[in-house]
Amino acid sequence: MVMQPVLEIFAADGFTLWPVGEHKSYGYLVLDGKLTPAEVGTAVMRIADYNAFEPEEEDGPCPTDPLGAFLNGLLTTPDLLAAGGFRVTDNATGTVFVEPGCCSGLETWRDWLEVLDGTGCCYFGHDPSSMAERAGDSVRLTLDAYGEEDSPVIELPVDQLRTLVTGAQRDLQDFLNLAGSWAEQHLPAHAAAVTAALARALDLGPKQ
């Protein structure tokens with residue numbers, strides 16, 4: 001059983017601000033410390049694009065250069081989003097038990113800690129409506145709580161799930177470390193700001 005942080009991605013047709021990989025739309029990119037530079041570029045592009053909001057009037061004008069304009073939302077928006085989440089898969093069978101759905105984001109990955117130590121229940125977007133629910137010393141994972149009756153379901157011991165969450169958090173931190181080095185090479189004038197923004201988008205701040 002594996003838990004992986006995944007980022008929803010789209011094809012990067014026509015993107016030229018930095019090198020990116022070739023990916024199909026509506027797929028997921030696993031974030032960890034093993035990504036190629038092009039894959040890191042894809043992830044940074046996707047997170048920046050997802051947060052590319054028009055600035056408020058009080059925030060001042062948007063930069064006029066293409067790179068500054070593209071990064072502006074990522075660098076100035078307080079509450080950043082990163083579409084995706086923690087996916088849970090049985091590698092032996094290929095069965096997915098938790099798939100991040102629409103409106104799910106990596107910025108809320110700590111909801112898994114609520115399942116373990118808080119409310120005991122959490123949903124991870126919709127279509128599918130994946131759910132994790134604690135009952136005593138086990139946690140029940142359901143791929144689609146509102147879907148077909150034969151939706152994949154599994155129960156894991158709490159300790160096993162805690163280990164999985166810890167591993168996924170470590171993968172996310174490894175990605176952030178890799179992205180920081182990538183930014184120093186590809187975005188030297190913005191490296192520190194971009195790395196700090198990615199940490200906010202992935203909720204990898206002082207609460208670790």
# chains A, B, ... in the order shown; residues from 1 in each chain; ligands from 1
call {"tool": "residues_around", "arguments": {"residues": "A:Gly27", "least_positions_apart": "5", "cutoff": "9 Å", "atoms": "only C-alpha atoms", "output": "list in words"}}
result
Leu7, Glu8, Ile9 and Phe10 of chain A
call {"tool": "select_by_dssp", "arguments": {"residues": "stretch 51-130 of chain A", "states": "helix (DSSP H, G or I)", "output": "list in words"}}
result
Glu57, Glu58, Asp59, Pro66, Leu67, Gly68, Ala69, Phe70, Leu71, Asn72, Gly73, Leu74, Leu75, Thr76, Leu106, Glu107, Thr108, Asp111, Trp112, Leu113, Glu114, Val115, Leu116 and Asp117 of chain A
call {"tool": "write_last_selection", "arguments": {"atoms": "C-alpha atoms", "output": "PDB file, in the first residue's frame"}}
result
ATOM      1  CA  GLU A  57      -6.279  47.390  -6.854  1.00  0.00           C
ATOM      2  CA  GLU A  58      -4.674  47.910  -3.443  1.00  0.00           C
ATOM      3  CA  ASP A  59      -1.936  45.420  -4.356  1.00  0.00           C
ATOM      4  CA  PRO A  66       5.968  37.939 -19.005  1.00  0.00           C
ATOM      5  CA  LEU A  67       7.799  36.097 -16.213  1.00  0.00           C
ATOM      6  CA  GLY A  68       6.868  38.595 -13.512  1.00  0.00           C
ATOM      7  CA  ALA A  69       3.249  38.628 -14.670  1.00  0.00           C
ATOM      8  CA  PHE A  70       3.021  34.827 -14.654  1.00  0.00           C
ATOM      9  CA  LEU A  71       4.541  34.515 -11.166  1.00  0.00           C
ATOM     10  CA  ASN A  72       2.660  37.450  -9.663  1.00  0.00           C
ATOM     11  CA  GLY A  73      -0.287  35.486  -8.281  1.00  0.00           C
ATOM     12  CA  LEU A  74       1.965  32.791  -6.817  1.00  0.00           C
ATOM     13  CA  LEU A  75       4.167  35.384  -5.106  1.00  0.00           C
ATOM     14  CA  THR A  76       1.428  37.709  -3.811  1.00  0.00           C
ATOM     15  CA  LEU A 106      -2.391  19.592  -1.524  1.00  0.00           C
ATOM     16  CA  GLU A 107      -2.708  22.700   0.634  1.00  0.00           C
ATOM     17  CA  THR A 108      -5.164  20.692   2.793  1.00  0.00           C
ATOM     18  CA  ASP A 111      -6.774  16.845   6.850  1.00  0.00           C
ATOM     19  CA  TRP A 112      -5.288  13.350   7.070  1.00  0.00           C
ATOM     20  CA  LEU A 113      -4.079  14.280  10.554  1.00  0.00           C
ATOM     21  CA  GLU A 114      -7.687  15.085  11.435  1.00  0.00           C
ATOM     22  CA  VAL A 115      -8.613  11.547  10.451  1.00  0.00           C
ATOM     23  CA  LEU A 116      -5.902  10.164  12.722  1.00  0.00           C
ATOM     24  CA  ASP A 117      -6.098  12.503  15.700  1.00  0.00           C
TER      25      ASP A 117
END
call {"tool": "closest_atom_pairs", "arguments": {"of": "stretch 13-118 of chain A", "to": "stretch 125-147 of chain A", "cutoff": "8 Å", "atoms": "only C-alpha atoms", "output": "Markdown table"}}
result
| residue | atom | partner | partner_atom | distance |
| --- | --- | --- | --- | --- |
| A:Val96 | CA | A:Leu143 | CA | 6.9 |
| A:Phe97 | CA | A:Leu143 | CA | 4.6 |
| A:Val98 | CA | A:Leu143 | CA | 4.9 |
| A:Glu99 | CA | A:Ser130 | CA | 6.2 |
| A:Pro100 | CA | A:Gly125 | CA | 6.0 |
| A:Gly101 | CA | A:Gly125 | CA | 4.2 |
| A:Cys102 | CA | A:Gly125 | CA | 5.0 |
| A:Cys103 | CA | A:Gly125 | CA | 5.1 |
| A:Ser104 | CA | A:Gly125 | CA | 4.6 |
| A:Val115 | CA | A:Arg134 | CA | 6.2 |
| A:Leu116 | CA | A:Arg134 | CA | 7.0 |
call {"tool": "write_last_selection", "arguments": {"atoms": "N, CA, C and O atoms", "output": "PDB file, in the first residue's frame"}}
result
ATOM      1  N   VAL A  96      -7.035   1.693  -6.563  1.00  0.00           N
ATOM      2  CA  VAL A  96      -6.954   3.002  -5.921  1.00  0.00           C
ATOM      3  C   VAL A  96      -8.054   3.096  -4.871  1.00  0.00           C
ATOM      4  O   VAL A  96      -9.222   2.838  -5.163  1.00  0.00           O
ATOM      5  N   PHE A  97      -7.683   3.472  -3.650  1.00  0.00           N
ATOM      6  CA  PHE A  97      -8.665   3.586  -2.573  1.00  0.00           C
ATOM      7  C   PHE A  97      -8.965   5.040  -2.214  1.00  0.00           C
ATOM      8  O   PHE A  97     -10.027   5.327  -1.649  1.00  0.00           O
ATOM      9  N   VAL A  98      -8.044   5.949  -2.511  1.00  0.00           N
ATOM     10  CA  VAL A  98      -8.310   7.379  -2.352  1.00  0.00           C
ATOM     11  C   VAL A  98      -7.734   8.084  -3.567  1.00  0.00           C
ATOM     12  O   VAL A  98      -6.546   7.972  -3.861  1.00  0.00           O
ATOM     13  N   GLU A  99      -8.583   8.792  -4.297  1.00  0.00           N
ATOM     14  CA  GLU A  99      -8.175   9.563  -5.472  1.00  0.00           C
ATOM     15  C   GLU A  99      -8.631  11.003  -5.262  1.00  0.00           C
ATOM     16  O   GLU A  99      -9.825  11.253  -5.097  1.00  0.00           O
ATOM     17  N   PRO A 100      -7.711  11.975  -5.213  1.00  0.00           N
ATOM     18  CA  PRO A 100      -8.145  13.361  -5.027  1.00  0.00           C
ATOM     19  C   PRO A 100      -9.124  13.765  -6.120  1.00  0.00           C
ATOM     20  O   PRO A 100      -8.874  13.519  -7.304  1.00  0.00           O
ATOM     21  N   GLY A 101     -10.221  14.364  -5.727  1.00  0.00           N
ATOM     22  CA  GLY A 101     -11.226  14.778  -6.688  1.00  0.00           C
ATOM     23  C   GLY A 101     -11.225  16.276  -6.895  1.00  0.00           C
ATOM     24  O   GLY A 101     -10.335  16.995  -6.432  1.00  0.00           O
ATOM     25  N   CYS A 102     -12.214  16.769  -7.601  1.00  0.00           N
ATOM     26  CA  CYS A 102     -12.362  18.195  -7.839  1.00  0.00           C
ATOM     27  C   CYS A 102     -12.502  18.926  -6.500  1.00  0.00           C
ATOM     28  O   CYS A 102     -13.169  18.443  -5.582  1.00  0.00           O
ATOM     29  N   CYS A 103     -11.871  20.076  -6.398  1.00  0.00           N
ATOM     30  CA  CYS A 103     -11.893  20.903  -5.182  1.00  0.00           C
ATOM     31  C   CYS A 103     -11.013  20.337  -4.066  1.00  0.00           C
ATOM     32  O   CYS A 103     -11.090  20.798  -2.928  1.00  0.00           O
ATOM     33  N   SER A 104     -10.198  19.330  -4.379  1.00  0.00           N
ATOM     34  CA  SER A 104      -9.231  18.823  -3.404  1.00  0.00           C
ATOM     35  C   SER A 104      -7.880  19.444  -3.719  1.00  0.00           C
ATOM     36  O   SER A 104      -7.539  19.644  -4.882  1.00  0.00           O
ATOM     37  N   VAL A 115      -8.104  12.917  10.446  1.00  0.00           N
ATOM     38  CA  VAL A 115      -8.613  11.547  10.451  1.00  0.00           C
ATOM     39  C   VAL A 115      -7.954  10.743  11.566  1.00  0.00           C
ATOM     40  O   VAL A 115      -8.603   9.976  12.292  1.00  0.00           O
ATOM     41  N   LEU A 116      -6.647  10.943  11.737  1.00  0.00           N
ATOM     42  CA  LEU A 116      -5.902  10.164  12.722  1.00  0.00           C
ATOM     43  C   LEU A 116      -6.109  10.647  14.148  1.00  0.00           C
ATOM     44  O   LEU A 116      -6.255   9.838  15.067  1.00  0.00           O
TER      45      LEU A 116
END
call {"tool": "residues_around", "arguments": {"residues": "A:Asp32", "least_positions_apart": "4", "cutoff": "7 Å", "atoms": "only C-alpha atoms", "output": "count of residues only"}}
result
4
call {"tool": "atom_distance", "arguments": {"atom1": "atom CA of A:Val153", "atom2": "atom CA of A:Val30"}}
result
22.3 Å
call {"tool": "closest_residue", "arguments": {"among": "A:Trp109, A:Cys62, A:Thr95, A:Ala12", "to": "A:Thr166", "atoms": "only C-alpha atoms"}}
result
A:Trp109
call {"tool": "closest_residue", "arguments": {"among": "A:Leu204, A:Ser25, A:Gly118, A:Asp79", "to": "A:Arg170", "atoms": "only C-alpha atoms"}}
result
A:Leu204
call {"tool": "residues_around", "arguments": {"residues": "A:Leu187", "least_positions_apart": "2", "cutoff": "12 Å", "atoms": "only C-alpha atoms", "output": "count of residues only"}}
result
23
call {"tool": "select_by_dssp", "arguments": {"residues": "stretch 5-207 of chain A", "states": "strand (DSSP E)", "output": "MDAnalysis selection string"}}
result
chainID A and resid 5:9 27:30 84:90 95:98 121:123 131:135 138:142 153:157
call {"tool": "write_last_selection", "arguments": {"atoms": "N, CA, C and O atoms", "output": "compact mmCIF listing (two decimals), in the first residue's frame"}}
result
# COMPACT_ATOMS: atom_id res chain seq x y z
N PRO A 5 1.83 12.03 -2.70
CA PRO A 5 1.29 13.36 -3.02
C PRO A 5 1.26 13.54 -4.53
O PRO A 5 2.27 13.32 -5.21
N VAL A 6 0.10 13.88 -5.07
CA VAL A 6 -0.04 14.04 -6.52
C VAL A 6 -0.60 15.42 -6.83
O VAL A 6 -1.43 15.95 -6.10
N LEU A 7 -0.13 15.98 -7.93
CA LEU A 7 -0.56 17.30 -8.40
C LEU A 7 -1.28 17.14 -9.72
O LEU A 7 -0.77 16.49 -10.65
N GLU A 8 -2.48 17.70 -9.81
CA GLU A 8 -3.22 17.67 -11.08
C GLU A 8 -2.52 18.56 -12.09
O GLU A 8 -2.13 19.69 -11.78
N ILE A 9 -2.32 18.06 -13.30
CA ILE A 9 -1.59 18.83 -14.31
C ILE A 9 -2.36 18.86 -15.62
O ILE A 9 -3.21 18.03 -15.89
N GLY A 27 -4.20 14.71 -15.87
CA GLY A 27 -3.48 13.62 -15.24
C GLY A 27 -2.91 14.09 -13.91
O GLY A 27 -3.17 15.20 -13.45
N TYR A 28 -2.14 13.22 -13.28
CA TYR A 28 -1.50 13.56 -12.01
C TYR A 28 0.00 13.33 -12.11
O TYR A 28 0.46 12.37 -12.73
N LEU A 29 0.74 14.22 -11.48
CA LEU A 29 2.18 14.10 -11.37
C LEU A 29 2.51 13.82 -9.91
O LEU A 29 2.12 14.59 -9.02
N VAL A 30 3.21 12.71 -9.65
CA VAL A 30 3.62 12.39 -8.28
C VAL A 30 4.75 13.32 -7.89
O VAL A 30 5.74 13.46 -8.61
N GLY A 84 -4.89 18.72 -6.18
CA GLY A 84 -4.37 17.37 -6.01
C GLY A 84 -4.62 16.87 -4.62
O GLY A 84 -5.64 17.19 -4.01
N GLY A 85 -3.70 16.10 -4.07
CA GLY A 85 -3.86 15.56 -2.72
C GLY A 85 -3.01 14.32 -2.55
O GLY A 85 -2.10 14.05 -3.34
N PHE A 86 -3.30 13.55 -1.51
CA PHE A 86 -2.59 12.31 -1.24
C PHE A 86 -3.41 11.15 -1.82
O PHE A 86 -4.54 10.91 -1.39
N ARG A 87 -2.84 10.42 -2.76
CA ARG A 87 -3.50 9.28 -3.39
C ARG A 87 -3.03 7.99 -2.71
O ARG A 87 -1.85 7.83 -2.42
N VAL A 88 -3.97 7.08 -2.47
CA VAL A 88 -3.66 5.81 -1.82
C VAL A 88 -3.95 4.67 -2.79
O VAL A 88 -5.07 4.55 -3.29
N THR A 89 -2.92 3.85 -3.06
CA THR A 89 -3.03 2.79 -4.06
C THR A 89 -2.43 1.50 -3.52
O THR A 89 -1.41 1.53 -2.83
N ASP A 90 -3.08 0.40 -3.84
CA ASP A 90 -2.49 -0.93 -3.59
C ASP A 90 -1.66 -1.27 -4.81
O ASP A 90 -2.19 -1.62 -5.86
N THR A 95 -5.26 -1.19 -7.39
CA THR A 95 -6.52 -0.65 -6.89
C THR A 95 -6.29 0.68 -6.18
O THR A 95 -5.43 0.77 -5.30
N VAL A 96 -7.04 1.69 -6.56
CA VAL A 96 -6.95 3.00 -5.92
C VAL A 96 -8.05 3.10 -4.87
O VAL A 96 -9.22 2.84 -5.16
N PHE A 97 -7.68 3.47 -3.65
CA PHE A 97 -8.66 3.59 -2.57
C PHE A 97 -8.96 5.04 -2.21
O PHE A 97 -10.03 5.33 -1.65
N VAL A 98 -8.04 5.95 -2.51
CA VAL A 98 -8.31 7.38 -2.35
C VAL A 98 -7.73 8.08 -3.57
O VAL A 98 -6.55 7.97 -3.86
N CYS A 121 -12.79 11.89 10.41
CA CYS A 121 -13.43 11.71 9.11
C CYS A 121 -13.05 12.86 8.19
O CYS A 121 -12.98 14.01 8.64
N CYS A 122 -12.84 12.55 6.93
CA CYS A 122 -12.53 13.60 5.97
C CYS A 122 -12.84 13.13 4.56
O CYS A 122 -12.72 11.94 4.24
N TYR A 123 -13.28 14.08 3.71
CA TYR A 123 -13.52 13.83 2.30
C TYR A 123 -12.44 14.54 1.48
O TYR A 123 -11.90 15.56 1.91
N MET A 131 -13.18 9.09 0.70
CA MET A 131 -13.41 9.38 2.11
C MET A 131 -12.52 8.50 2.97
O MET A 131 -12.22 7.35 2.62
N ALA A 132 -12.07 9.06 4.09
CA ALA A 132 -11.36 8.29 5.11
C ALA A 132 -12.10 8.49 6.42
O ALA A 132 -12.43 9.61 6.80
N GLU A 133 -12.37 7.38 7.12
CA GLU A 133 -13.15 7.46 8.36
C GLU A 133 -12.55 6.52 9.39
O GLU A 133 -12.36 5.33 9.13
N ARG A 134 -12.24 7.08 10.55
CA ARG A 134 -11.63 6.27 11.60
C ARG A 134 -12.71 5.61 12.45
O ARG A 134 -13.73 6.22 12.79
N ALA A 135 -12.45 4.35 12.81
CA ALA A 135 -13.32 3.62 13.73
C ALA A 135 -12.42 2.84 14.68
O ALA A 135 -11.90 1.78 14.32
N SER A 138 -8.75 1.39 13.55
CA SER A 138 -8.61 1.22 12.11
C SER A 138 -9.23 2.40 11.38
O SER A 138 -10.01 3.18 11.95
N VAL A 139 -8.85 2.54 10.12
CA VAL A 139 -9.38 3.61 9.27
C VAL A 139 -9.90 2.97 7.99
O VAL A 139 -9.21 2.18 7.34
N ARG A 140 -11.11 3.33 7.64
CA ARG A 140 -11.75 2.80 6.44
C ARG A 140 -11.58 3.81 5.31
O ARG A 140 -11.96 4.98 5.45
N LEU A 141 -11.00 3.36 4.18
CA LEU A 141 -10.81 4.20 3.00
C LEU A 141 -11.78 3.76 1.93
O LEU A 141 -11.85 2.57 1.59
N THR A 142 -12.53 4.71 1.37
CA THR A 142 -13.52 4.42 0.32
C THR A 142 -13.25 5.31 -0.87
O THR A 142 -13.19 6.53 -0.74
N VAL A 153 -12.95 -0.42 -1.30
CA VAL A 153 -12.92 -0.06 0.12
C VAL A 153 -11.85 -0.92 0.78
O VAL A 153 -11.66 -2.09 0.43
N ILE A 154 -11.14 -0.32 1.74
CA ILE A 154 -10.17 -1.09 2.51
C ILE A 154 -10.10 -0.51 3.92
O ILE A 154 -10.38 0.68 4.12
N GLU A 155 -9.77 -1.35 4.88
CA GLU A 155 -9.54 -0.89 6.24
C GLU A 155 -8.08 -1.11 6.60
O GLU A 155 -7.54 -2.20 6.37
N LEU A 156 -7.46 -0.07 7.15
CA LEU A 156 -6.06 -0.13 7.55
C LEU A 156 -5.94 0.15 9.04
O LEU A 156 -6.70 0.96 9.58
N PRO A 157 -4.96 -0.46 9.70
CA PRO A 157 -4.69 -0.09 11.08
C PRO A 157 -4.25 1.38 11.15
O PRO A 157 -3.58 1.88 10.24
call {"tool": "residues_around", "arguments": {"residues": "A:Gly21", "least_positions_apart": "6", "cutoff": "6 Å", "atoms": "only C-alpha atoms", "output": "PyMOL selection string"}}
result
chain A and resi 38-39+42
call {"tool": "atom_distance", "arguments": {"atom1": "atom CA of A:Thr93", "atom2": "atom CA of A:Glu149"}}
result
19.5 Å
call {"tool": "atom_distance", "arguments": {"atom1": "atom CA of A:His23", "atom2": "atom CA of A:Ala52"}}
result
20.3 Å
